[in-house]
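Chemist: I'd like to ask you about the structure that follows.
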Amino acid sequence: MSGFFNIFIIPGGLLLIFMLLSLFRLILGPTVPDRIVALDTINTLVVAGMILVGAAYEEVIYIDVAIVYALLSYIGTLYVAKYLEGGSKK
Amino acid sequence: MGTLLTVLYIFLGIGVFFNCLGSVGLLRFPDVYTRLHAATKATTFGSIFTSLAVIVYGFSRWNVTGDSKFRVLALHTIVALICLIITNPTGAHAIARAAHRSGVMPRQAVIDELKEAKLK
Amino acid sequence: MKEMSRIVKTVTNFVYGFIIIFGFYIIAHGHLTPGGGFQGGAVVGSAFALLLVSYGSLNSQKFLKKDILSLFEGFGLILFIVLGFSGLGITFFYNFLANSGGWFGNAAVIGVNPGNMNTGGVIPLMNIAVGLEVLSAFGVIVLTMASAAEFTKKKEKS
Amino acid sequence: MIDFIVTFLLSMLTYLILTASQGEVWGIWSIFEIITGIFLSLVVAFIAKKVLFQKRTYRMLNPLRWVIFLIYLIGPFFWAMTKANIDVAYRVITGKINPGIVKISPGLKTGLGITLLADSITLTPGTLSVDIDEKNNDLYVHWINVTTLKPTTHHICSNFPQWIRRIAE
Amino acid sequence: MSSFVEIIHISTLIMIIIASFLAVVFKKLLPSVIALTVASLLLSLEFYILHAPDVAIAEAGIGAGLTMAIFIFAIRGTR
Amino acid sequence: MKKIIFGIAFLIFFSFLIVSAINMRTFGEPAYSEMDDYFIENAQSETGANNVVTSVVFDYRGFDTLGEATVLFTAVVGVIALFRGVKK
Amino acid sequence: MIGNLPYVAVVIFIGLGIYTLMFKKNLIKIAIGVVLIENGVNLFLITLGYRKGAIAPIYTQAPSGQAMVLPTPQALTLTSIVIGIATTALILSVAMMIYKHYGTLDTDEVRRLKG
């Protein structure tokens with residue numbers, strides 16, 4: 001752990017608190033699209049936090065997990081959007 | 001070392017500030033579309049700046065120490081950032097379109113041309 | 001399932017190849033970086049799911065053939081068992097290629113090091129076999145359940 | 001044939017960026033790594049060429065377009081994004097909104113152009129692309145602060161369609 | 001500075017518990033599945049912090065894409 | 001009536017689980033495990049792989065992976081056989 | 001400060017899953033309960049192997065000179081996750097076929113219709 005550990009881990013912790021704020025929208029949200037917006041926001045914040053934590057531990061190989069997460073969280077959003085589109089058609 | 005620390009503090013401060021605005025706006029705004037404005041724009045911009053801090057850190061440490069692992073850190077962070085920028089606005093578009101088709105109308109709307117086009 | 005809007009389809013065309021090359025990178029570097037057959041197979045299977053959701057189950061028949069995928073699944077399992085039997089001169093699942101000097105046979109540097117692709121013995125080959133099996137298994141599951149969902153819903157309407 | 005070669009080169013470039021470490025070739029890659037990369041990229045090119053080149057248009061192979069794209073990304077796009085975020089910050093803190101959905105017709109024809117325009121609109125001031133008319137490529141845009149009821153293209157996205165016409169058409 | 005890491009552990013665990021509680025409590029099926037996906041993705045973050053990147057990649061890939069896809073197919077087929 | 005009996009049984013089971021969880025070892029200090037230390041020490045020289053988890057999965061405990069692959073294959077065959085009649 | 005909170009979280013996971021299995025009637029809800037129990041077991045295995053102040057068991061470009069977390073529970077968890085997705089797919093397929101035959105997903109209703 002070098003002297004840069006604190007510089008990167010404290011913003012990571014702050015991002016976690018913002019995630020907790022977004023989770024309230026998941027609890028409150030009156031309709032389903034509100035909840036998907038909360039899911040999308042949590043995904044973006046988790047990717048940013050993963051990059052920061054990986055830089056704090058100086059573990060290069062951890063960044064691969066962030067790439068996988070950024071690519072695949074988009075697929076779940078598309079599936080729910082597709083289901084909602086089809087729901088009103090009939 | 002002093003300039004590197006200053007740059008890191010500035011970038012991380014901007015990134016954390018805009019991420020905070022995104023999640024606060026998600027709680028404050030009245031309907032889906034305005035929440036999407038806050039969530040997509042602010043969190044994407046904030047994530048760009050926190051990742052830029054890591055990229056600057058990696059390249060400058062590689063310049064100083066010559067260890068190849070810091071270069072790998074910077075390159076992989078660039079790839080993750082590109083993925084984030086490509087996929088995030090497209091997801092927002094898909095959510096907005098699905099919300100309008102499933103019958104969630106914008107609240108306090110002045111004009112809604114899409115609804116009029118559907119009725120025709 | 002109908003297809004999604006044009007913007008999503010255009011982004012899918014670019015992201016699809018990228019996800020597949022990234023999954024193959026995870027499979028092939030399983031003995032150096034976090035990853036391996038299971039994880040890379042799951043990533044490539046998710047790429048098939050992305051193609052299915054953005055083009056619809058009718059249009060994606062042009063790009064994905066279910067029969068070929070199920071063929072590759074059996075092929076992956078058989079390749080894995082054959083690699084296990086190959087070390088039978090000593091024990092089952094013996095790593096007969098490690099430290100032998102040939103393909104995948106260099107000795108690894110002891111301690112923390114940047115890593116060399118040409119090590120690991122039989123482990124990269126087993127990674128490829130298991131990755132082949134897992135990716136085709138997930139592709140077959142997603143395709144089968146998509147067509148079955150169409151059918152049961154139609155039955156309910158009539 | 002040209003689609004196969006282009007897909008192969010793109011996936012090879014991605015693989016080389018991902019595996020840059022130490023080795024014999026220029027001190028960055030090792031030889032065995034490059035052989036593995038060529039083999040895997042052949043497989044990917046065989047799978048993904050049908051998806052990437054459906055319309056068989058090779059307009060984006062001109063390198064000048066990529067240079068203009070980079071200039072656009074760093075210059076006007078990033079500046080507009082900064083303005084957008086300050087605007088969003090103002091609206092989050094004060095809570096003043098005046099929303100509405102309006103229609104614009106930018107006059108772009110290709111799928112890539114309309115995709116770039118929609119993503120740019122989503123990330124820039126006060127606007128969010130909601131739906132697209134598949135026939136004549138009109139965009140329906142959610143605007144957070146409606147000033148005129150009959151907006152022109154210049155109100156929504158200042159001069160993005162000119163840039164994108166230079167890039168993608 | 002290990003106390004800060006402990007704070008990160010605690011808040012991640014609390015978020016996972018809230019999300020999985022929502023997955024049980026919701027009456028409709030679709031919000032329940034969304035809450036389950038959030039729980040699965042945050043579990044991947046917890047694995048990442050516990051120094052298990054292999055498991056984190058597997059959980060992210062399977063929890064994000066495939067579990068959501070399979071549940072959506074099932075809900076669509078039984079509507 | 002059935003619901004009340006089930007609820008009481010569930011509460012008893014849950015309280016046992018909570019008590020056992022509180023009396024576990026302290027978090028972050030695992031028991032001394034000779035096998036894991038052997039794997040960490042010798043995996044690089046014996047199998048030539050840098051990733052210890054992969055060498056455990058595919059070399060030291062290959063039988064587990066064989067069983068897992070067989071279970072996955074069987075599940076896929078089950079899904080296909082279940083939906084065979086409803087194809088068209 | 002953290003104490004045994006991860007083990008308590010594991011117990012809450014498993015308790016929620018068993019509650020869903022016992023008291024909910026919908027078949028897809030039951031599948032959600034099974035997924036929750038799987039998540040709890042995975043978290044338990046990883047938590048058993050965690051060692052404070054250690055790094056991941058990978059030698060590639062790691063910071064040198066530190067202890068490593070135990071590798072065997074991670075390998076077992078890796079196997080468990082893939083088996084979990086296979087069983088979930090099978091459960092949901094059976095639920096879809098039950099819906100096609102009986103026209104409902106409620107377990108009591110299915111038992112009554114079967115007679």
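Residue numbers start at 1 in each chain; chains themselves are named A, B, ... in the order of the structure tokens; ligands are numbered from 1 in the order shown.
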Mind checking which residues fall within 12 Å of Arg111 in chain G, counting only C-alpha atoms, ignoring those fewer than 6 positions away in the same chain, and posting them as a list in words?

Modeler: Lys25, Ile98, Tyr102, Thr104 and Leu105 of chain G

Chemist: Neighbours of range 62-72 of chain C within 9 Å (only C-alpha atoms; same-chain residues fewer than 6 positions away dropped), as a PyMOL selection string?

Modeler: (chain C and resi 48+51-52+132-133+135-137+139-140+143-144) or (chain D and resi 47-48+50-51)

Chemist: Output as a list in words the set of chain G residues within 10 Å of chain B, with distances taken over only C-alpha atoms.

Modeler: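 Only these qualify: Thr60, Gln61 and Ala62 of chain G.
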
Chemist: Write the residues of the preceding selection, restricted to N, CA, C and O atoms, as a compact mmCIF listing (two decimals), in the first residue's frame.

Modeler:
```txt
# COMPACT_ATOMS: atom_id res chain seq x y z
N THR G 60 0.43 -12.56 -11.18
CA THR G 60 0.72 -11.68 -12.31
C THR G 60 0.63 -10.22 -11.88
O THR G 60 -0.45 -9.74 -11.57
N GLN G 61 1.75 -9.54 -11.87
CA GLN G 61 1.82 -8.10 -11.63
C GLN G 61 1.14 -7.68 -10.34
O GLN G 61 0.46 -6.67 -10.27
N ALA G 62 1.32 -8.48 -9.29
CA ALA G 62 0.74 -8.13 -8.01
C ALA G 62 1.76 -7.34 -7.20
O ALA G 62 2.95 -7.37 -7.50
```

Chemist: With only C-alpha atoms as the basis for distance, which of C:Gly36, C:Gly120, C:Gly84, C:Pro114 is at the shortest distance from chain G?

Modeler: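 Among the listed residues, C:Pro114 lies closest to chain G.
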
Chemist: Which residues are near Tyr16 in chain C? Cut-off 12 Å, only C-alpha atoms, ignore same chain within fewer than 5 positions. Put them as a ChimeraX atom specification.

Modeler: /A:71-72,75 /B:83,87 /C:8-11,21-23,43-52,54,63 /D:7,11,44-45,47-52

Chemist: Output as an mmCIF file with C-alpha atoms, in the first residue's frame the set of chain F residues within 9 Å of chain G, with distances taken over only C-alpha atoms.

Modeler:
```
data_model
loop_
_atom_site.group_PDB
_atom_site.id
_atom_site.type_symbol
_atom_site.label_atom_id
_atom_site.label_comp_id
_atom_site.auth_asym_id
_atom_site.auth_seq_id
_atom_site.Cartn_x
_atom_site.Cartn_y
_atom_site.Cartn_z
ATOM 1 C CA LYS F 3 -49.187 -21.239 8.533
ATOM 2 C CA PHE F 6 -44.656 -23.262 9.745
ATOM 3 C CA GLY F 7 -43.951 -19.804 11.125
ATOM 4 C CA PHE F 10 -39.073 -21.067 10.691
ATOM 5 C CA PHE F 13 -34.512 -22.497 12.672
ATOM 6 C CA PHE F 14 -33.603 -18.878 11.991
ATOM 7 C CA LEU F 17 -28.665 -19.977 12.447
ATOM 8 C CA ILE F 18 -28.162 -16.502 13.952
ATOM 9 C CA ALA F 21 -23.257 -17.208 12.941
ATOM 10 C CA ILE F 22 -22.363 -15.034 15.909
ATOM 11 C CA ASN F 23 -20.272 -17.819 17.450
ATOM 12 C CA MET F 24 -18.223 -18.452 14.285
ATOM 13 C CA ARG F 25 -14.540 -17.630 13.977
ATOM 14 C CA THR F 26 -13.651 -13.968 13.715
ATOM 15 C CA PHE F 27 -14.058 -12.544 10.231
ATOM 16 C CA GLY F 28 -10.730 -12.163 8.448
ATOM 17 C CA GLU F 29 -8.700 -14.748 10.393
ATOM 18 C CA PRO F 30 -9.273 -18.191 8.822
ATOM 19 C CA ALA F 31 -8.160 -21.436 10.401
ATOM 20 C CA SER F 33 -5.019 -24.742 6.415
ATOM 21 C CA MET F 35 -3.518 -27.655 1.916
ATOM 22 C CA ASP F 36 -4.045 -24.051 0.857
ATOM 23 C CA ASP F 37 -0.557 -23.077 1.901
ATOM 24 C CA PHE F 39 -1.141 -24.802 -3.159
ATOM 25 C CA ILE F 40 0.058 -21.221 -2.810
ATOM 26 C CA GLN F 44 3.847 -22.096 -9.858
ATOM 27 C CA ALA F 49 0.402 -21.303 -14.070
ATOM 28 C CA ASN F 50 0.441 -17.921 -12.343
ATOM 29 C CA ASN F 51 -3.221 -18.034 -11.353
ATOM 30 C CA VAL F 52 -3.543 -20.328 -8.353
ATOM 31 C CA VAL F 53 -7.339 -20.580 -8.620
ATOM 32 C CA THR F 54 -7.159 -21.884 -12.192
ATOM 33 C CA VAL F 56 -6.748 -25.657 -8.434
ATOM 34 C CA VAL F 57 -9.775 -25.879 -10.709
ATOM 35 C CA ARG F 61 -9.255 -30.843 -8.424
ATOM 36 C CA ASP F 64 -14.914 -31.465 -9.650
ATOM 37 C CA THR F 65 -14.721 -29.726 -12.996
ATOM 38 C CA GLU F 68 -19.651 -29.738 -13.237
ATOM 39 C CA ALA F 69 -19.327 -30.048 -17.019
ATOM 40 C CA VAL F 71 -24.159 -31.449 -14.889
ATOM 41 C CA LEU F 72 -24.235 -28.521 -17.325
ATOM 42 C CA ALA F 75 -29.222 -29.568 -17.830
ATOM 43 C CA VAL F 76 -29.014 -28.445 -21.453
ATOM 44 C CA GLY F 78 -33.111 -31.577 -20.165
ATOM 45 C CA VAL F 79 -34.146 -28.130 -21.399
ATOM 46 C CA LEU F 82 -38.622 -30.522 -22.299
ATOM 47 C CA PHE F 83 -39.364 -28.137 -25.160
#
```

Chemist: Show me, as a ChimeraX atom specification, the residues that have an atom within 7 Å of Ser129 in chain D when counting only C-alpha atoms, minus same-chain residues fewer than 3 positions from it.

Modeler: /B:93 /D:118,121-122,139-142

Chemist: Mind dumping the selected residues with all heavy atoms as an mmCIF file, in the first residue's frame?

Modeler:
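After the write, again.cif holds the following:
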```cif
data_model
loop_
_atom_site.group_PDB
_atom_site.id
_atom_site.type_symbol
_atom_site.label_atom_id
_atom_site.label_comp_id
_atom_site.auth_asym_id
_atom_site.auth_seq_id
_atom_site.Cartn_x
_atom_site.Cartn_y
_atom_site.Cartn_z
ATOM 1 N N HIS B 93 -31.652 5.775 -24.005
ATOM 2 C CA HIS B 93 -32.621 5.854 -25.102
ATOM 3 C C HIS B 93 -33.610 4.696 -25.041
ATOM 4 O O HIS B 93 -34.818 4.886 -25.208
ATOM 5 C CB HIS B 93 -31.874 5.850 -26.428
ATOM 6 C CG HIS B 93 -32.719 5.536 -27.594
ATOM 7 N ND1 HIS B 93 -33.621 6.431 -28.111
ATOM 8 C CD2 HIS B 93 -32.833 4.419 -28.331
ATOM 9 C CE1 HIS B 93 -34.246 5.863 -29.116
ATOM 10 N NE2 HIS B 93 -33.792 4.656 -29.270
ATOM 11 N N ALA D 118 -28.091 10.809 -32.100
ATOM 12 C CA ALA D 118 -28.929 10.535 -30.939
ATOM 13 C C ALA D 118 -28.096 10.444 -29.668
ATOM 14 O O ALA D 118 -28.470 10.969 -28.618
ATOM 15 C CB ALA D 118 -29.696 9.238 -31.145
ATOM 16 N N ILE D 121 -27.056 13.922 -28.696
ATOM 17 C CA ILE D 121 -28.174 14.673 -28.119
ATOM 18 C C ILE D 121 -28.396 14.241 -26.689
ATOM 19 O O ILE D 121 -28.635 15.060 -25.799
ATOM 20 C CB ILE D 121 -29.440 14.455 -28.980
ATOM 21 C CG1 ILE D 121 -29.400 15.337 -30.194
ATOM 22 C CG2 ILE D 121 -30.685 14.767 -28.194
ATOM 23 C CD1 ILE D 121 -30.542 15.102 -31.110
ATOM 24 N N THR D 122 -28.267 12.926 -26.425
ATOM 25 C CA THR D 122 -28.513 12.468 -25.064
ATOM 26 C C THR D 122 -27.485 13.020 -24.085
ATOM 27 O O THR D 122 -27.811 13.292 -22.937
ATOM 28 C CB THR D 122 -28.497 10.942 -25.038
ATOM 29 O OG1 THR D 122 -29.469 10.491 -25.953
ATOM 30 C CG2 THR D 122 -28.840 10.416 -23.688
ATOM 31 N N LEU D 139 -36.361 12.582 -35.267
ATOM 32 C CA LEU D 139 -36.118 12.255 -33.868
ATOM 33 C C LEU D 139 -37.129 12.973 -32.994
ATOM 34 O O LEU D 139 -37.431 14.146 -33.220
ATOM 35 C CB LEU D 139 -34.719 12.689 -33.449
ATOM 36 C CG LEU D 139 -33.551 11.794 -33.820
ATOM 37 C CD1 LEU D 139 -32.266 12.483 -33.458
ATOM 38 C CD2 LEU D 139 -33.641 10.497 -33.082
ATOM 39 N N TYR D 140 -37.666 12.260 -31.991
ATOM 40 C CA TYR D 140 -38.496 12.884 -30.974
ATOM 41 C C TYR D 140 -37.627 13.105 -29.741
ATOM 42 O O TYR D 140 -37.039 12.162 -29.221
ATOM 43 C CB TYR D 140 -39.688 12.005 -30.640
ATOM 44 C CG TYR D 140 -40.674 11.899 -31.758
ATOM 45 C CD1 TYR D 140 -40.605 10.864 -32.668
ATOM 46 C CD2 TYR D 140 -41.651 12.866 -31.919
ATOM 47 C CE1 TYR D 140 -41.500 10.781 -33.706
ATOM 48 C CE2 TYR D 140 -42.552 12.783 -32.954
ATOM 49 C CZ TYR D 140 -42.470 11.745 -33.835
ATOM 50 O OH TYR D 140 -43.346 11.668 -34.868
ATOM 51 N N VAL D 141 -37.563 14.358 -29.299
ATOM 52 C CA VAL D 141 -36.588 14.738 -28.285
ATOM 53 C C VAL D 141 -37.316 15.275 -27.063
ATOM 54 O O VAL D 141 -38.212 16.113 -27.180
ATOM 55 C CB VAL D 141 -35.628 15.814 -28.836
ATOM 56 C CG1 VAL D 141 -34.724 16.314 -27.747
ATOM 57 C CG2 VAL D 141 -34.808 15.243 -29.943
ATOM 58 N N HIS D 142 -36.939 14.761 -25.893
ATOM 59 C CA HIS D 142 -37.482 15.317 -24.650
ATOM 60 C C HIS D 142 -36.599 16.491 -24.239
ATOM 61 O O HIS D 142 -35.403 16.336 -24.028
ATOM 62 C CB HIS D 142 -37.483 14.257 -23.565
ATOM 63 C CG HIS D 142 -38.069 14.723 -22.275
ATOM 64 N ND1 HIS D 142 -37.301 15.229 -21.265
ATOM 65 C CD2 HIS D 142 -39.340 14.771 -21.835
ATOM 66 C CE1 HIS D 142 -38.073 15.567 -20.257
ATOM 67 N NE2 HIS D 142 -39.314 15.292 -20.577
#
```

Chemist: Distance cut-off 9 Å, counting only C-alpha atoms - which residues of chain C neighbour chain F? Return them as a PyMOL selection string.

Modeler: chain C and resi 30-36+73-74+77+80-81+84+92-95+97-99+105-113+115-116+119-123+126-127+130+133-134+137-138+140-141+144-145+147-148+151-152

Chemist: I need the contact residues of chain D against chain C, so if you could list those with any atom within 10 Å, counting only C-alpha atoms, and return them as a ChimeraX atom specification, that would help.

Modeler: /D:7,10-12,14-15,18-19,21-23,30-34,36-37,40-41,43-45,47-54,111-119,131-134,137

Chemist: Could you please take those selected residues and save N, CA and C atoms as a tab-separated table (two decimals), in the first residue's frame?

Modeler:
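Saved result, part_12.tsv, follows:
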```tsv
chain	number	residue	atom	x	y	z
D	7	THR	N	-12.78	-6.78	-40.29
D	7	THR	CA	-13.13	-7.30	-38.97
D	7	THR	C	-11.93	-7.92	-38.29
D	10	LEU	N	-9.67	-5.12	-36.98
D	10	LEU	CA	-10.22	-4.45	-35.79
D	10	LEU	C	-10.07	-5.30	-34.54
D	11	SER	N	-10.39	-6.61	-34.65
D	11	SER	CA	-10.30	-7.45	-33.45
D	11	SER	C	-8.85	-7.66	-33.06
D	12	MET	N	-7.96	-7.71	-34.05
D	12	MET	CA	-6.52	-7.85	-33.73
D	12	MET	C	-6.03	-6.62	-32.98
D	14	THR	N	-7.82	-4.65	-31.06
D	14	THR	CA	-8.35	-4.71	-29.70
D	14	THR	C	-7.54	-5.67	-28.85
D	15	TYR	N	-7.23	-6.83	-29.43
D	15	TYR	CA	-6.46	-7.83	-28.68
D	15	TYR	C	-5.08	-7.28	-28.32
D	18	LEU	N	-5.29	-4.92	-25.45
D	18	LEU	CA	-5.56	-5.57	-24.17
D	18	LEU	C	-4.35	-6.30	-23.61
D	19	THR	N	-3.45	-6.78	-24.46
D	19	THR	CA	-2.38	-7.63	-23.95
D	19	THR	C	-1.04	-6.94	-23.91
D	21	SER	N	2.14	-5.77	-22.63
D	21	SER	CA	2.89	-5.99	-21.39
D	21	SER	C	4.38	-6.00	-21.74
D	22	GLN	N	5.08	-7.05	-21.39
D	22	GLN	CA	6.50	-7.13	-21.74
D	22	GLN	C	6.73	-8.25	-22.73
D	23	GLY	N	7.82	-8.18	-23.53
D	23	GLY	CA	8.09	-9.25	-24.47
D	23	GLY	C	9.17	-8.87	-25.46
D	30	SER	N	4.93	-10.49	-26.76
D	30	SER	CA	5.76	-11.66	-27.06
D	30	SER	C	5.21	-12.36	-28.29
D	31	ILE	N	6.04	-13.21	-28.90
D	31	ILE	CA	5.69	-13.79	-30.20
D	31	ILE	C	4.52	-14.77	-30.08
D	32	PHE	N	4.55	-15.58	-29.01
D	32	PHE	CA	3.49	-16.57	-28.83
D	32	PHE	C	2.14	-15.89	-28.64
D	33	GLU	N	2.18	-14.73	-27.96
D	33	GLU	CA	0.97	-13.95	-27.76
D	33	GLU	C	0.38	-13.51	-29.10
D	34	ILE	N	1.25	-13.07	-30.01
D	34	ILE	CA	0.75	-12.58	-31.31
D	34	ILE	C	0.19	-13.72	-32.14
D	36	THR	N	-1.27	-16.42	-30.94
D	36	THR	CA	-2.60	-16.70	-30.36
D	36	THR	C	-3.61	-15.65	-30.78
D	37	GLY	N	-3.17	-14.38	-30.82
D	37	GLY	CA	-4.08	-13.31	-31.21
D	37	GLY	C	-4.55	-13.46	-32.64
D	40	LEU	N	-7.18	-16.32	-32.70
D	40	LEU	CA	-8.48	-15.95	-32.14
D	40	LEU	C	-9.18	-14.92	-33.01
D	41	SER	N	-8.42	-13.99	-33.61
D	41	SER	CA	-9.05	-12.95	-34.43
D	41	SER	C	-9.65	-13.54	-35.69
D	43	VAL	N	-11.07	-16.48	-35.84
D	43	VAL	CA	-12.37	-17.04	-35.42
D	43	VAL	C	-13.40	-15.93	-35.26
D	44	VAL	N	-12.99	-14.81	-34.60
D	44	VAL	CA	-13.94	-13.72	-34.39
D	44	VAL	C	-14.38	-13.11	-35.71
D	45	ALA	N	-13.44	-12.97	-36.67
D	45	ALA	CA	-13.81	-12.41	-37.96
D	45	ALA	C	-14.80	-13.30	-38.67
D	47	ILE	N	-17.02	-15.18	-37.20
D	47	ILE	CA	-18.33	-15.09	-36.55
D	47	ILE	C	-18.99	-13.74	-36.81
D	48	ALA	N	-18.22	-12.64	-36.63
D	48	ALA	CA	-18.84	-11.32	-36.49
D	48	ALA	C	-18.91	-10.52	-37.77
D	49	LYS	N	-18.40	-11.02	-38.90
D	49	LYS	CA	-18.41	-10.18	-40.09
D	49	LYS	C	-19.82	-10.00	-40.64
D	50	LYS	N	-20.68	-11.01	-40.44
D	50	LYS	CA	-22.04	-10.87	-40.96
D	50	LYS	C	-22.83	-9.83	-40.18
D	51	VAL	N	-22.48	-9.67	-38.89
D	51	VAL	CA	-23.20	-8.71	-38.08
D	51	VAL	C	-22.68	-7.30	-38.31
D	52	LEU	N	-21.38	-7.16	-38.46
D	52	LEU	CA	-20.80	-5.82	-38.55
D	52	LEU	C	-21.08	-5.16	-39.89
D	53	PHE	N	-21.01	-5.92	-41.00
D	53	PHE	CA	-21.24	-5.33	-42.32
D	53	PHE	C	-22.50	-5.92	-42.92
D	54	GLN	N	-23.65	-5.38	-42.51
D	54	GLN	CA	-24.89	-5.92	-43.07
D	54	GLN	C	-25.27	-5.24	-44.37
D	111	GLY	N	-27.72	4.85	-40.89
D	111	GLY	CA	-27.97	4.44	-39.52
D	111	GLY	C	-26.90	4.91	-38.56
D	112	LEU	N	-25.63	4.92	-39.03
D	112	LEU	CA	-24.55	5.35	-38.16
D	112	LEU	C	-24.68	6.83	-37.81
D	113	GLY	N	-25.08	7.63	-38.82
D	113	GLY	CA	-25.22	9.06	-38.57
D	113	GLY	C	-26.30	9.35	-37.57
D	114	ILE	N	-27.45	8.68	-37.71
D	114	ILE	CA	-28.55	8.96	-36.79
D	114	ILE	C	-28.20	8.44	-35.39
D	115	THR	N	-27.41	7.36	-35.31
D	115	THR	CA	-27.00	6.88	-33.99
D	115	THR	C	-26.07	7.85	-33.29
D	116	LEU	N	-25.09	8.38	-34.07
D	116	LEU	CA	-24.16	9.36	-33.48
D	116	LEU	C	-24.93	10.59	-33.01
D	117	LEU	N	-25.89	11.06	-33.83
D	117	LEU	CA	-26.63	12.26	-33.45
D	117	LEU	C	-27.46	11.99	-32.19
D	118	ALA	N	-28.09	10.81	-32.10
D	118	ALA	CA	-28.93	10.54	-30.94
D	118	ALA	C	-28.10	10.44	-29.67
D	119	ASP	N	-26.92	9.81	-29.76
D	119	ASP	CA	-26.08	9.72	-28.57
D	119	ASP	C	-25.54	11.09	-28.18
D	131	ASP	N	-37.64	8.81	-29.07
D	131	ASP	CA	-38.09	7.84	-30.06
D	131	ASP	C	-37.60	8.27	-31.44
D	132	ILE	N	-37.66	7.33	-32.39
D	132	ILE	CA	-37.17	7.61	-33.74
D	132	ILE	C	-38.21	7.13	-34.73
D	133	ASP	N	-38.45	7.95	-35.73
D	133	ASP	CA	-39.37	7.56	-36.80
D	133	ASP	C	-38.56	6.80	-37.84
D	134	GLU	N	-38.87	5.50	-38.04
D	134	GLU	CA	-38.00	4.66	-38.85
D	134	GLU	C	-38.05	5.03	-40.33
D	137	ASN	N	-36.49	9.16	-40.58
D	137	ASN	CA	-35.42	9.53	-39.67
D	137	ASN	C	-35.68	10.81	-38.91
```
